[in-house]
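*Asks:* What follows is run.txt, compact mmCIF, C-alpha atoms and all ligand atoms.
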# COMPACT_ATOMS: atom_id res chain seq x y z
CA MET A 1 -9.49 -1.29 8.87
CA LEU A 2 -9.81 -5.02 8.15
CA ARG A 3 -10.41 -7.37 11.04
CA ALA A 4 -10.96 -11.12 11.01
CA GLU A 5 -11.83 -12.76 14.29
CA GLY A 6 -12.03 -16.51 14.90
CA VAL A 7 -12.79 -17.39 11.27
CA LYS A 8 -13.58 -21.07 10.65
CA LYS A 9 -14.20 -22.96 7.43
CA GLU A 10 -14.46 -26.70 7.00
CA PHE A 11 -14.38 -28.61 3.71
CA ALA A 12 -15.59 -32.19 4.08
CA GLY A 13 -13.84 -32.74 7.38
CA ILE A 14 -10.77 -30.60 6.59
CA HIS A 15 -10.44 -27.58 8.85
CA ALA A 16 -9.10 -25.16 6.25
CA LEU A 17 -9.59 -22.30 8.72
CA ASP A 18 -9.68 -23.08 12.39
CA GLY A 19 -10.25 -19.80 14.17
CA ALA A 20 -8.01 -17.47 12.16
CA SER A 21 -7.73 -13.86 13.39
CA LEU A 22 -5.85 -10.89 12.02
CA GLU A 23 -5.99 -7.12 11.75
CA VAL A 24 -4.76 -4.80 9.02
CA GLY A 25 -4.60 -1.06 9.53
CA GLU A 26 -5.27 1.65 6.96
CA GLY A 27 -2.43 1.88 4.45
CA GLU A 28 -0.45 -1.02 5.93
CA ALA A 29 1.40 -3.61 3.83
CA ILE A 30 1.09 -7.04 5.37
CA GLY A 31 2.49 -10.40 4.31
CA LEU A 32 0.39 -13.51 4.85
CA VAL A 33 2.67 -16.53 4.78
CA GLY A 34 2.46 -20.16 5.80
CA PRO A 35 3.09 -23.64 4.43
CA ASN A 36 1.03 -25.03 1.56
CA GLY A 37 -2.47 -25.92 2.66
CA SER A 38 -2.33 -23.72 5.78
CA GLY A 39 -5.46 -21.81 4.68
CA LYS A 40 -4.07 -18.62 3.10
CA SER A 41 -6.23 -18.67 -0.02
CA THR A 42 -9.29 -19.71 1.98
CA LEU A 43 -8.77 -16.76 4.34
CA LEU A 44 -8.46 -14.32 1.41
CA SER A 45 -11.68 -15.76 -0.04
CA ALA A 46 -13.48 -15.36 3.28
CA MET A 47 -12.25 -11.76 3.58
CA SER A 48 -13.46 -10.82 0.09
CA GLY A 49 -16.95 -12.37 0.04
CA PHE A 50 -16.01 -15.30 -2.22
CA LEU A 51 -16.54 -17.81 0.54
CA ARG A 52 -18.86 -17.72 3.53
CA PRO A 53 -17.13 -18.80 6.75
CA ASP A 54 -18.80 -21.33 9.07
CA ALA A 55 -18.00 -19.14 12.06
CA GLY A 56 -16.23 -15.92 12.98
CA GLU A 57 -16.56 -12.24 12.22
CA ILE A 58 -14.96 -10.17 9.50
CA THR A 59 -15.25 -6.39 9.43
CA PHE A 60 -13.97 -3.88 6.91
CA ASP A 61 -14.10 -0.25 7.84
CA GLY A 62 -16.44 -1.10 10.72
CA ARG A 63 -18.89 -3.09 8.57
CA ARG A 64 -19.54 -6.80 8.82
CA ILE A 65 -18.63 -8.36 5.48
CA GLU A 66 -18.51 -12.12 6.09
CA ARG A 67 -21.96 -12.59 4.54
CA MET A 68 -21.66 -9.98 1.79
CA LYS A 69 -21.42 -10.82 -1.91
CA PRO A 70 -17.98 -10.24 -3.47
CA TRP A 71 -19.07 -7.30 -5.62
CA ARG A 72 -20.48 -5.52 -2.58
CA VAL A 73 -17.23 -6.05 -0.68
CA ALA A 74 -15.35 -4.74 -3.74
CA GLY A 75 -17.71 -1.76 -3.75
CA LEU A 76 -16.51 -0.90 -0.23
CA GLY A 77 -12.97 -0.65 -1.59
CA LEU A 78 -11.68 -4.14 -0.73
CA GLN A 79 -10.44 -5.97 -3.83
CA ARG A 80 -8.66 -9.29 -4.27
CA THR A 81 -6.71 -11.10 -6.96
CA PHE A 82 -6.49 -14.87 -7.50
CA GLN A 83 -3.65 -17.36 -7.34
CA LEU A 84 -4.59 -18.58 -10.83
CA PRO A 85 -6.56 -15.88 -12.64
CA GLN A 86 -9.17 -17.16 -15.11
CA MET A 87 -9.48 -14.93 -18.14
CA PRO A 88 -12.82 -14.82 -19.97
CA GLU A 89 -12.52 -16.43 -23.40
CA LYS A 90 -13.85 -13.63 -25.56
CA MET A 91 -12.55 -10.47 -23.92
CA THR A 92 -9.58 -8.37 -24.88
CA VAL A 93 -6.98 -7.22 -22.37
CA LEU A 94 -8.52 -3.73 -22.40
CA GLU A 95 -12.02 -5.11 -21.83
CA VAL A 96 -10.83 -7.12 -18.83
CA MET A 97 -9.38 -3.89 -17.40
CA LEU A 98 -12.75 -2.18 -17.86
CA THR A 99 -14.55 -4.90 -15.89
CA GLY A 100 -12.69 -3.54 -12.85
CA ALA A 101 -13.90 0.04 -13.34
CA ARG A 102 -16.57 1.29 -10.99
CA LEU A 103 -18.75 3.17 -13.44
CA ARG A 104 -21.40 5.11 -11.58
CA ARG A 105 -23.29 7.05 -14.20
CA GLY A 106 -23.66 4.26 -16.77
CA ASN A 107 -25.17 2.06 -14.08
CA SER A 108 -28.25 4.25 -13.75
CA ILE A 109 -30.88 3.91 -16.43
CA TRP A 110 -32.05 7.50 -15.80
CA THR A 111 -28.63 8.99 -16.25
CA SER A 112 -28.12 6.82 -19.32
CA LEU A 113 -31.32 8.14 -20.85
CA LEU A 114 -31.19 11.74 -19.67
CA ARG A 115 -27.45 12.45 -19.75
CA PRO A 116 -25.88 10.18 -22.36
CA GLY A 117 -22.99 12.64 -22.70
CA ALA A 118 -22.03 12.19 -19.06
CA VAL A 119 -22.07 8.41 -19.46
CA ALA A 120 -19.90 8.56 -22.57
CA ALA A 121 -17.45 10.88 -20.81
CA GLU A 122 -17.20 8.50 -17.86
CA GLN A 123 -16.53 5.58 -20.19
CA ALA A 124 -13.88 7.52 -22.09
CA GLU A 125 -12.20 8.38 -18.78
CA ALA A 126 -12.20 4.71 -17.77
CA ILE A 127 -10.60 3.73 -21.09
CA ASP A 128 -7.89 6.39 -20.65
CA ARG A 129 -7.20 5.17 -17.13
CA ALA A 130 -7.11 1.53 -18.27
CA ARG A 131 -4.62 2.37 -21.02
CA ALA A 132 -2.42 4.34 -18.63
CA LEU A 133 -2.36 1.45 -16.15
CA LEU A 134 -1.64 -1.07 -18.93
CA ASP A 135 1.24 1.13 -20.02
CA GLU A 136 2.72 1.17 -16.50
CA MET A 137 2.50 -2.61 -16.45
CA THR A 138 4.14 -2.97 -19.89
CA LEU A 139 0.92 -4.49 -21.28
CA LEU A 140 -0.33 -1.63 -23.45
CA ARG A 141 0.83 -3.22 -26.72
CA LEU A 142 -1.42 -6.20 -25.86
CA ALA A 143 -4.53 -4.05 -25.20
CA ASN A 144 -6.51 -5.50 -28.11
CA GLN A 145 -5.30 -9.10 -27.77
CA PRO A 146 -7.62 -11.77 -26.36
CA ALA A 147 -6.86 -11.88 -22.62
CA ALA A 148 -6.90 -15.67 -22.58
CA MET A 149 -4.01 -15.73 -25.09
CA ILE A 150 -1.42 -13.71 -23.15
CA SER A 151 1.11 -15.47 -20.88
CA GLY A 152 0.28 -16.61 -17.35
CA GLY A 153 2.56 -13.94 -15.89
CA GLN A 154 0.93 -11.24 -18.00
CA GLN A 155 -2.49 -12.49 -16.87
CA LYS A 156 -1.42 -12.05 -13.25
CA LEU A 157 -0.38 -8.46 -13.97
CA LEU A 158 -3.64 -7.92 -15.83
CA SER A 159 -5.71 -9.16 -12.89
CA LEU A 160 -3.83 -6.72 -10.66
CA GLY A 161 -4.54 -3.96 -13.20
CA ALA A 162 -8.26 -4.77 -13.27
CA ALA A 163 -8.34 -4.69 -9.46
CA LEU A 164 -6.60 -1.29 -9.50
CA MET A 165 -9.22 0.12 -11.87
CA GLY A 166 -11.64 0.29 -8.94
CA SER A 167 -9.13 2.39 -6.90
CA PRO A 168 -9.31 -0.01 -3.94
CA ARG A 169 -8.44 1.10 -0.42
CA MET A 170 -7.15 -2.38 0.29
CA LEU A 171 -5.87 -5.08 -2.03
CA LEU A 172 -5.65 -8.78 -1.16
CA LEU A 173 -3.13 -10.50 -3.44
CA ASP A 174 -2.89 -14.29 -3.72
CA GLU A 175 0.64 -15.31 -4.75
CA PRO A 176 1.16 -12.39 -7.14
CA THR A 177 4.63 -13.54 -8.27
CA ALA A 178 3.98 -17.28 -8.72
CA GLY A 179 4.59 -18.18 -12.36
CA VAL A 180 5.76 -14.65 -13.20
CA ASN A 181 9.17 -14.25 -14.87
CA PRO A 182 11.82 -12.07 -13.16
CA THR A 183 11.28 -9.09 -15.50
CA LEU A 184 7.53 -8.99 -14.94
CA ARG A 185 8.12 -9.67 -11.24
CA GLY A 186 10.12 -6.43 -11.10
CA VAL A 187 7.30 -4.56 -12.85
CA LEU A 188 4.83 -6.03 -10.39
CA ALA A 189 6.92 -5.11 -7.33
CA GLU A 190 7.35 -1.54 -8.57
CA ARG A 191 3.62 -1.21 -9.29
CA LEU A 192 2.71 -2.50 -5.82
CA ARG A 193 5.22 -0.16 -4.18
CA GLN A 194 3.59 2.79 -5.91
CA VAL A 195 0.08 1.62 -5.03
CA HIS A 196 1.13 1.27 -1.40
CA ALA A 197 2.88 4.67 -1.41
CA ALA A 198 -0.37 6.17 -2.70
CA GLY A 199 -2.15 4.88 0.41
CA THR A 200 -3.65 1.53 -0.56
CA ALA A 201 -3.29 -1.17 2.08
CA LEU A 202 -1.88 -4.49 0.85
CA VAL A 203 -2.26 -8.05 2.11
CA ILE A 204 0.16 -10.23 0.17
CA VAL A 205 0.08 -14.03 0.21
CA GLU A 206 3.49 -14.98 -1.12
CA HIS A 207 6.08 -17.77 -1.05
CA ASP A 208 8.91 -15.50 -2.21
CA MET A 209 10.17 -14.21 1.12
CA GLY A 210 12.44 -11.66 -0.55
CA PHE A 211 9.39 -10.13 -2.21
CA VAL A 212 7.53 -10.05 1.12
CA ALA A 213 10.52 -8.52 2.92
CA ASP A 214 10.82 -5.82 0.23
CA LEU A 215 7.19 -4.75 0.38
CA CYS A 216 5.80 -5.59 3.80
CA GLU A 217 6.36 -4.12 7.24
CA ARG A 218 4.77 -7.04 9.02
CA CYS A 219 3.75 -10.65 8.41
CA TYR A 220 1.11 -12.94 9.73
CA VAL A 221 2.01 -16.62 9.75
CA LEU A 222 -0.75 -19.12 9.19
CA ASP A 223 -0.42 -22.78 10.14
CA LYS A 224 -3.23 -25.35 10.01
CA GLY A 225 -5.89 -22.68 9.68
CA THR A 226 -4.83 -20.43 12.55
CA VAL A 227 -2.55 -17.42 12.79
CA ILE A 228 0.39 -18.54 14.91
CA THR A 229 2.34 -15.29 15.02
CA SER A 230 2.81 -11.81 13.61
CA CYS A 231 6.30 -10.35 13.18
CA ALA A 232 8.61 -8.38 10.90
CA PRO A 233 9.60 -10.39 7.80
CA SER A 234 13.24 -10.28 8.95
CA LYS A 235 12.30 -12.05 12.21
CA LEU A 236 10.53 -15.01 10.58
CA ALA A 237 13.56 -17.28 10.46
CA SER A 238 14.32 -16.82 14.15
CA ASP A 239 10.78 -17.51 15.36
CA GLN A 240 10.64 -21.07 16.66
CA ARG A 241 6.93 -21.53 15.90
CA VAL A 242 7.46 -20.42 12.32
CA VAL A 243 10.43 -22.71 11.82
CA GLU A 244 8.45 -25.62 13.24
CA ALA A 245 5.49 -24.88 10.97
CA TYR A 246 7.84 -24.98 7.99
CA LEU A 247 9.85 -27.98 9.15
CA GLY A 248 10.71 -30.12 6.16
CA THR A 249 10.23 -27.28 3.67
CA LYS A 250 13.10 -25.27 2.23
CA ALA A 251 11.91 -21.84 3.22
CA PHE A 252 15.11 -20.76 4.92
CA GLY A 253 18.71 -21.05 3.77
CA LYS A 254 21.59 -22.56 5.78
CA ASP A 255 22.41 -19.14 7.22
CA GLY A 256 18.85 -18.87 8.57
CA ALA A 257 17.95 -16.10 6.14
CA PRO A 258 14.78 -16.51 4.14
CA ARG A 259 15.51 -17.75 0.62
CA ARG A 260 14.60 -15.38 -2.14
CA SER A 261 12.71 -16.37 -5.26
CA GLY A 262 11.63 -19.97 -5.66
CA ALA A 263 11.66 -20.63 -1.93
CA ALA A 264 9.35 -23.40 -0.83
CA LEU A 265 7.67 -21.19 1.75
P1 LIG B 1 -3.04 -22.32 1.04
O1 LIG B 1 -3.57 -21.24 0.16
O2 LIG B 1 -2.43 -21.84 2.30
O3 LIG B 1 -2.11 -23.25 0.30
P2 LIG B 1 -5.79 -23.24 1.02
O4 LIG B 1 -6.55 -22.15 1.68
O5 LIG B 1 -5.87 -23.29 -0.47
O6 LIG B 1 -4.28 -23.23 1.51
O7 LIG B 1 -6.30 -24.65 1.54
C1 LIG B 1 -6.38 -24.99 2.92
C2 LIG B 1 -6.91 -26.41 3.05
O8 LIG B 1 -8.26 -26.47 2.63
C3 LIG B 1 -6.17 -27.42 2.19
O9 LIG B 1 -6.13 -28.64 2.90
C4 LIG B 1 -7.04 -27.54 0.97
O10 LIG B 1 -6.89 -28.81 0.37
C5 LIG B 1 -8.43 -27.35 1.54
N1 LIG B 1 -9.35 -26.72 0.60
C6 LIG B 1 -9.28 -25.46 0.13
N2 LIG B 1 -10.30 -25.17 -0.70
C7 LIG B 1 -11.05 -26.29 -0.75
C8 LIG B 1 -12.26 -26.64 -1.44
N3 LIG B 1 -12.91 -25.76 -2.20
N4 LIG B 1 -12.75 -27.89 -1.24
C9 LIG B 1 -12.11 -28.77 -0.45
N5 LIG B 1 -10.98 -28.51 0.23
C10 LIG B 1 -10.45 -27.28 0.08
MG MG B 2 -3.20 -20.74 -1.82
Can the structure from this file be put into structure tokens for me?
Ligand code: ADP
Ligand code: MG

*Replies:*
Amino acid sequence: MLRAEGVKKEFAGIHALDGASLEVGEGEAIGLVGPNGSGKSTLLSAMSGFLRPDAGEITFDGRRIERMKPWRVAGLGLQRTFQLPQMPEKMTVLEVMLTGARLRRGNSIWTSLLRPGAVAAEQAEAIDRARALLDEMTLLRLANQPAAMISGGQQKLLSLGAALMGSPRMLLLDEPTAGVNPTLRGVLAERLRQVHAAGTALVIVEHDMGFVADLCERCYVLDKGTVITSCAPSKLASDQRVVEAYLGTKAFGKDGAPRRSGAAL
């Protein structure tokens, strides 16, 4: 469903991506791991239209997307969240949720003029859906608060919620649990499990190997801008290339098992 082939991106002499390739099938849940600076966020940006690669091909559902604008990629059903979400200053939590809705009728001036009732009904539906999602993420009581004022962890949940408003077929998540307290982390894991069970494919960039092992069937490991291997999360610690890539970090415990939360992976 999503295919990246030989993707390259250079920033002032730094090869952030140096021929990265991966494939994600429909409905799969994939971990994307690798040491800091290995190119994970850059690859997510390239795969979601936020960054144009210098070379390589990216296709989603058979369409080339590496030169598409982010909103067009999102329109195809491929959504991403950010490592550090930036909340607009003057929007409420509910309004941020609504930015993720794909409203069809209200976007057409003719429908707006000729069928205002249909537009209003669509908006009311979106608000209901946003409130239901906020409720599932324990954020409903904050619906009318300024989004910039809620905690960092709540903002990460909110950015996931806004991405879910568009009913994506695939979600790219950049460190969803970083800076999220254990309670909200549980909420987040449960939400993602349900989203995946409902058929949405997930690509999760994450340092918490326990979280990856819980949610993902398979992992890609990125090192210095290239994918060095793909394996089950449980096999990571026994893969020599992975261990070498992480040498000097504290990703794995003494017993060779991946550390759970707070791991330096
Ligand atoms: P990761 O998410 O795996 O930690 P990144 O994709 O953020 O890694 O970064 C990969 C490399 O590219 C790093 O060396 C980083 O400093 C560099 N890099 C990323 N984005 C930029 C940018 N906008 N300008 C300059 N260098 C960047
Ligand atoms: Mg990153």

*Asks:* Give me the chain A side of the contact with ligand LIG 1 (chain B), cut-off 9 Å, one line per residue showing its nearest atom pair and distance in Å at one decimal, counting all atoms listed in the file, sorted by chain and residue number, as a tab-separated table.

*Replies:*
residue	atom	partner	partner_atom	distance
A:Lys9	CA	B:LIG1	O8	8.4
A:Glu10	CA	B:LIG1	O8	7.6
A:Phe11	CA	B:LIG1	C9	4.7
A:Ala12	CA	B:LIG1	C9	6.7
A:Gly13	CA	B:LIG1	N5	8.8
A:Ile14	CA	B:LIG1	O9	6.2
A:His15	CA	B:LIG1	O8	6.7
A:Ala16	CA	B:LIG1	O8	3.9
A:Leu17	CA	B:LIG1	C1	7.2
A:Val33	CA	B:LIG1	O2	7.8
A:Gly34	CA	B:LIG1	O2	6.2
A:Pro35	CA	B:LIG1	O2	6.2
A:Asn36	CA	B:LIG1	O3	3.8
A:Gly37	CA	B:LIG1	O6	3.4
A:Ser38	CA	B:LIG1	O2	4.0
A:Gly39	CA	B:LIG1	O4	3.2
A:Lys40	CA	B:LIG1	O2	3.7
A:Ser41	CA	B:LIG1	O1	3.7
A:Thr42	CA	B:LIG1	O4	3.7
A:Leu43	CA	B:LIG1	O4	6.4
A:Leu44	CA	B:LIG1	O4	8.1
A:Ser45	CA	B:LIG1	O4	8.4
A:Gln83	CA	B:LIG1	O1	8.4
A:Asp174	CA	B:LIG1	O1	8.0
A:Glu175	CA	B:LIG1	O1	8.8
A:Val205	CA	B:LIG1	O1	8.1
A:Leu222	CA	B:LIG1	O2	7.6
A:Asp223	CA	B:LIG1	O2	8.1
A:Lys224	CA	B:LIG1	C1	7.8
A:Gly225	CA	B:LIG1	C1	7.2

*Asks:* Give me the residues within 10 Å of Ala74 in chain A as a list in words, counting all atoms listed in the file and dropping any in the same chain fewer than 2 places off.

*Replies:*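 Those residues are Ser48, Gly49, Met68, Lys69, Pro70, Trp71, Arg72, Leu76, Gly77, Leu78, Gln79, Arg80, Gly100, Arg102, Ala163, Gly166, Ser167, Pro168, Arg169, Met170 and Leu171 of chain A.
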
*Asks:* Can you work out which one of A:His196, A:His207, A:Arg64, A:Arg115 has the shortest atom-to-atom distance to ligand MG 2 (chain B), counting all atoms listed in the file?

*Replies:*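 Using all atoms listed in the file, the shortest distance to ligand MG 2 (chain B) belongs to A:His207.
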
*Asks:* What is the distance between CA of Ser151 in chain A and CA of Glu89 in chain A, in Å to one decimal?

*Replies:*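 Separation between CA of Ser151 in chain A and CA of Glu89 in chain A: 13.9 Å.
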
*Asks:* Quick one, how far is CA of Gly186 in chain A from CA of Tyr220 in chain A?

*Replies:*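 Going from CA of Gly186 in chain A over to CA of Tyr220 in chain A, I get 23.6 Å.
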
*Asks:* Using CA of Leu192 in chain A and CA of Pro146 in chain A as the two end points, give the distance in Å to one decimal.

*Replies:*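 Interatomic distance here is 24.8 Å.
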
*Asks:* Counting all atoms listed in the file, I want the residues whose atoms come within 8 Å of (6.0, -7.6, 11.5) in the file frame, returned as a PDB file with C-alpha atoms, in the coordinates of the input.

*Replies:*
ATOM      1  CA  ILE A  30       1.090  -7.040   5.370  1.00  0.00           C
ATOM      2  CA  CYS A 216       5.800  -5.590   3.800  1.00  0.00           C
ATOM      3  CA  GLU A 217       6.360  -4.120   7.240  1.00  0.00           C
ATOM      4  CA  ARG A 218       4.770  -7.040   9.020  1.00  0.00           C
ATOM      5  CA  CYS A 219       3.750 -10.650   8.410  1.00  0.00           C
ATOM      6  CA  TYR A 220       1.110 -12.940   9.730  1.00  0.00           C
ATOM      7  CA  SER A 230       2.810 -11.810  13.610  1.00  0.00           C
ATOM      8  CA  CYS A 231       6.300 -10.350  13.180  1.00  0.00           C
ATOM      9  CA  ALA A 232       8.610  -8.380  10.900  1.00  0.00           C
ATOM     10  CA  PRO A 233       9.600 -10.390   7.800  1.00  0.00           C
ATOM     11  CA  LYS A 235      12.300 -12.050  12.210  1.00  0.00           C
TER      12      LYS A 235
END

*Asks:* Between A:Leu184, A:Ala147, A:Leu142, A:Ala178, which is the closest to ligand MG 2 (chain B) once you count all atoms listed in the file?

*Replies:* A:Ala178

*Asks:* Since the input is missing atoms for range 175-193 of chain A, could you rebuild it with N, CA, C and O atoms and give the result as a PDB file, in the frame of the given file?

*Replies:*
ATOM      1  N   GLU A 175      -0.575 -14.880  -4.037  1.00  0.00           N
ATOM      2  CA  GLU A 175       0.640 -15.310  -4.750  1.00  0.00           C
ATOM      3  C   GLU A 175       0.860 -14.530  -6.052  1.00  0.00           C
ATOM      4  O   GLU A 175       0.916 -15.112  -7.133  1.00  0.00           O
ATOM      5  N   PRO A 176       1.024 -13.209  -5.928  1.00  0.00           N
ATOM      6  CA  PRO A 176       1.160 -12.390  -7.140  1.00  0.00           C
ATOM      7  C   PRO A 176       2.362 -12.747  -8.006  1.00  0.00           C
ATOM      8  O   PRO A 176       2.310 -12.542  -9.212  1.00  0.00           O
ATOM      9  N   THR A 177       3.436 -13.292  -7.441  1.00  0.00           N
ATOM     10  CA  THR A 177       4.630 -13.540  -8.270  1.00  0.00           C
ATOM     11  C   THR A 177       4.734 -14.973  -8.774  1.00  0.00           C
ATOM     12  O   THR A 177       5.615 -15.267  -9.575  1.00  0.00           O
ATOM     13  N   ALA A 178       3.865 -15.877  -8.300  1.00  0.00           N
ATOM     14  CA  ALA A 178       3.980 -17.280  -8.720  1.00  0.00           C
ATOM     15  C   ALA A 178       3.761 -17.396 -10.222  1.00  0.00           C
ATOM     16  O   ALA A 178       2.760 -16.910 -10.751  1.00  0.00           O
ATOM     17  N   GLY A 179       4.709 -17.992 -10.915  1.00  0.00           N
ATOM     18  CA  GLY A 179       4.590 -18.180 -12.360  1.00  0.00           C
ATOM     19  C   GLY A 179       4.902 -16.931 -13.168  1.00  0.00           C
ATOM     20  O   GLY A 179       4.652 -16.892 -14.367  1.00  0.00           O
ATOM     21  N   VAL A 180       5.438 -15.898 -12.502  1.00  0.00           N
ATOM     22  CA  VAL A 180       5.760 -14.650 -13.200  1.00  0.00           C
ATOM     23  C   VAL A 180       7.270 -14.578 -13.400  1.00  0.00           C
ATOM     24  O   VAL A 180       8.032 -14.808 -12.454  1.00  0.00           O
ATOM     25  N   ASN A 181       7.715 -14.288 -14.617  1.00  0.00           N
ATOM     26  CA  ASN A 181       9.170 -14.250 -14.870  1.00  0.00           C
ATOM     27  C   ASN A 181       9.816 -13.056 -14.168  1.00  0.00           C
ATOM     28  O   ASN A 181       9.134 -12.111 -13.778  1.00  0.00           O
ATOM     29  N   PRO A 182      11.154 -13.105 -13.962  1.00  0.00           N
ATOM     30  CA  PRO A 182      11.820 -12.070 -13.160  1.00  0.00           C
ATOM     31  C   PRO A 182      11.588 -10.642 -13.653  1.00  0.00           C
ATOM     32  O   PRO A 182      11.458  -9.721 -12.842  1.00  0.00           O
ATOM     33  N   THR A 183      11.497 -10.445 -14.973  1.00  0.00           N
ATOM     34  CA  THR A 183      11.280  -9.090 -15.500  1.00  0.00           C
ATOM     35  C   THR A 183       9.899  -8.582 -15.069  1.00  0.00           C
ATOM     36  O   THR A 183       9.768  -7.483 -14.519  1.00  0.00           O
ATOM     37  N   LEU A 184       8.879  -9.403 -15.315  1.00  0.00           N
ATOM     38  CA  LEU A 184       7.530  -8.990 -14.940  1.00  0.00           C
ATOM     39  C   LEU A 184       7.387  -8.884 -13.420  1.00  0.00           C
ATOM     40  O   LEU A 184       6.640  -8.056 -12.904  1.00  0.00           O
ATOM     41  N   ARG A 185       8.147  -9.713 -12.708  1.00  0.00           N
ATOM     42  CA  ARG A 185       8.120  -9.670 -11.240  1.00  0.00           C
ATOM     43  C   ARG A 185       8.600  -8.288 -10.753  1.00  0.00           C
ATOM     44  O   ARG A 185       8.043  -7.710  -9.827  1.00  0.00           O
ATOM     45  N   GLY A 186       9.624  -7.759 -11.434  1.00  0.00           N
ATOM     46  CA  GLY A 186      10.120  -6.430 -11.100  1.00  0.00           C
ATOM     47  C   GLY A 186       9.066  -5.364 -11.367  1.00  0.00           C
ATOM     48  O   GLY A 186       8.861  -4.447 -10.566  1.00  0.00           O
ATOM     49  N   VAL A 187       8.370  -5.501 -12.496  1.00  0.00           N
ATOM     50  CA  VAL A 187       7.300  -4.560 -12.850  1.00  0.00           C
ATOM     51  C   VAL A 187       6.211  -4.593 -11.780  1.00  0.00           C
ATOM     52  O   VAL A 187       5.714  -3.562 -11.307  1.00  0.00           O
ATOM     53  N   LEU A 188       5.879  -5.815 -11.389  1.00  0.00           N
ATOM     54  CA  LEU A 188       4.830  -6.030 -10.390  1.00  0.00           C
ATOM     55  C   LEU A 188       5.208  -5.408  -9.040  1.00  0.00           C
ATOM     56  O   LEU A 188       4.409  -4.707  -8.413  1.00  0.00           O
ATOM     57  N   ALA A 189       6.458  -5.644  -8.621  1.00  0.00           N
ATOM     58  CA  ALA A 189       6.920  -5.110  -7.330  1.00  0.00           C
ATOM     59  C   ALA A 189       6.864  -3.588  -7.344  1.00  0.00           C
ATOM     60  O   ALA A 189       6.406  -2.957  -6.388  1.00  0.00           O
ATOM     61  N   GLU A 190       7.316  -2.992  -8.454  1.00  0.00           N
ATOM     62  CA  GLU A 190       7.350  -1.540  -8.570  1.00  0.00           C
ATOM     63  C   GLU A 190       5.928  -0.968  -8.518  1.00  0.00           C
ATOM     64  O   GLU A 190       5.649   0.018  -7.834  1.00  0.00           O
ATOM     65  N   ARG A 191       5.025  -1.629  -9.239  1.00  0.00           N
ATOM     66  CA  ARG A 191       3.620  -1.210  -9.290  1.00  0.00           C
ATOM     67  C   ARG A 191       3.014  -1.251  -7.875  1.00  0.00           C
ATOM     68  O   ARG A 191       2.335  -0.334  -7.434  1.00  0.00           O
ATOM     69  N   LEU A 192       3.287  -2.342  -7.162  1.00  0.00           N
ATOM     70  CA  LEU A 192       2.710  -2.500  -5.820  1.00  0.00           C
ATOM     71  C   LEU A 192       3.300  -1.475  -4.849  1.00  0.00           C
ATOM     72  O   LEU A 192       2.610  -0.953  -3.982  1.00  0.00           O
ATOM     73  N   ARG A 193       4.602  -1.188  -5.026  1.00  0.00           N
ATOM     74  CA  ARG A 193       5.220  -0.160  -4.180  1.00  0.00           C
ATOM     75  C   ARG A 193       4.531   1.182  -4.372  1.00  0.00           C
ATOM     76  O   ARG A 193       4.241   1.895  -3.420  1.00  0.00           O
TER      77      ARG A 193
END
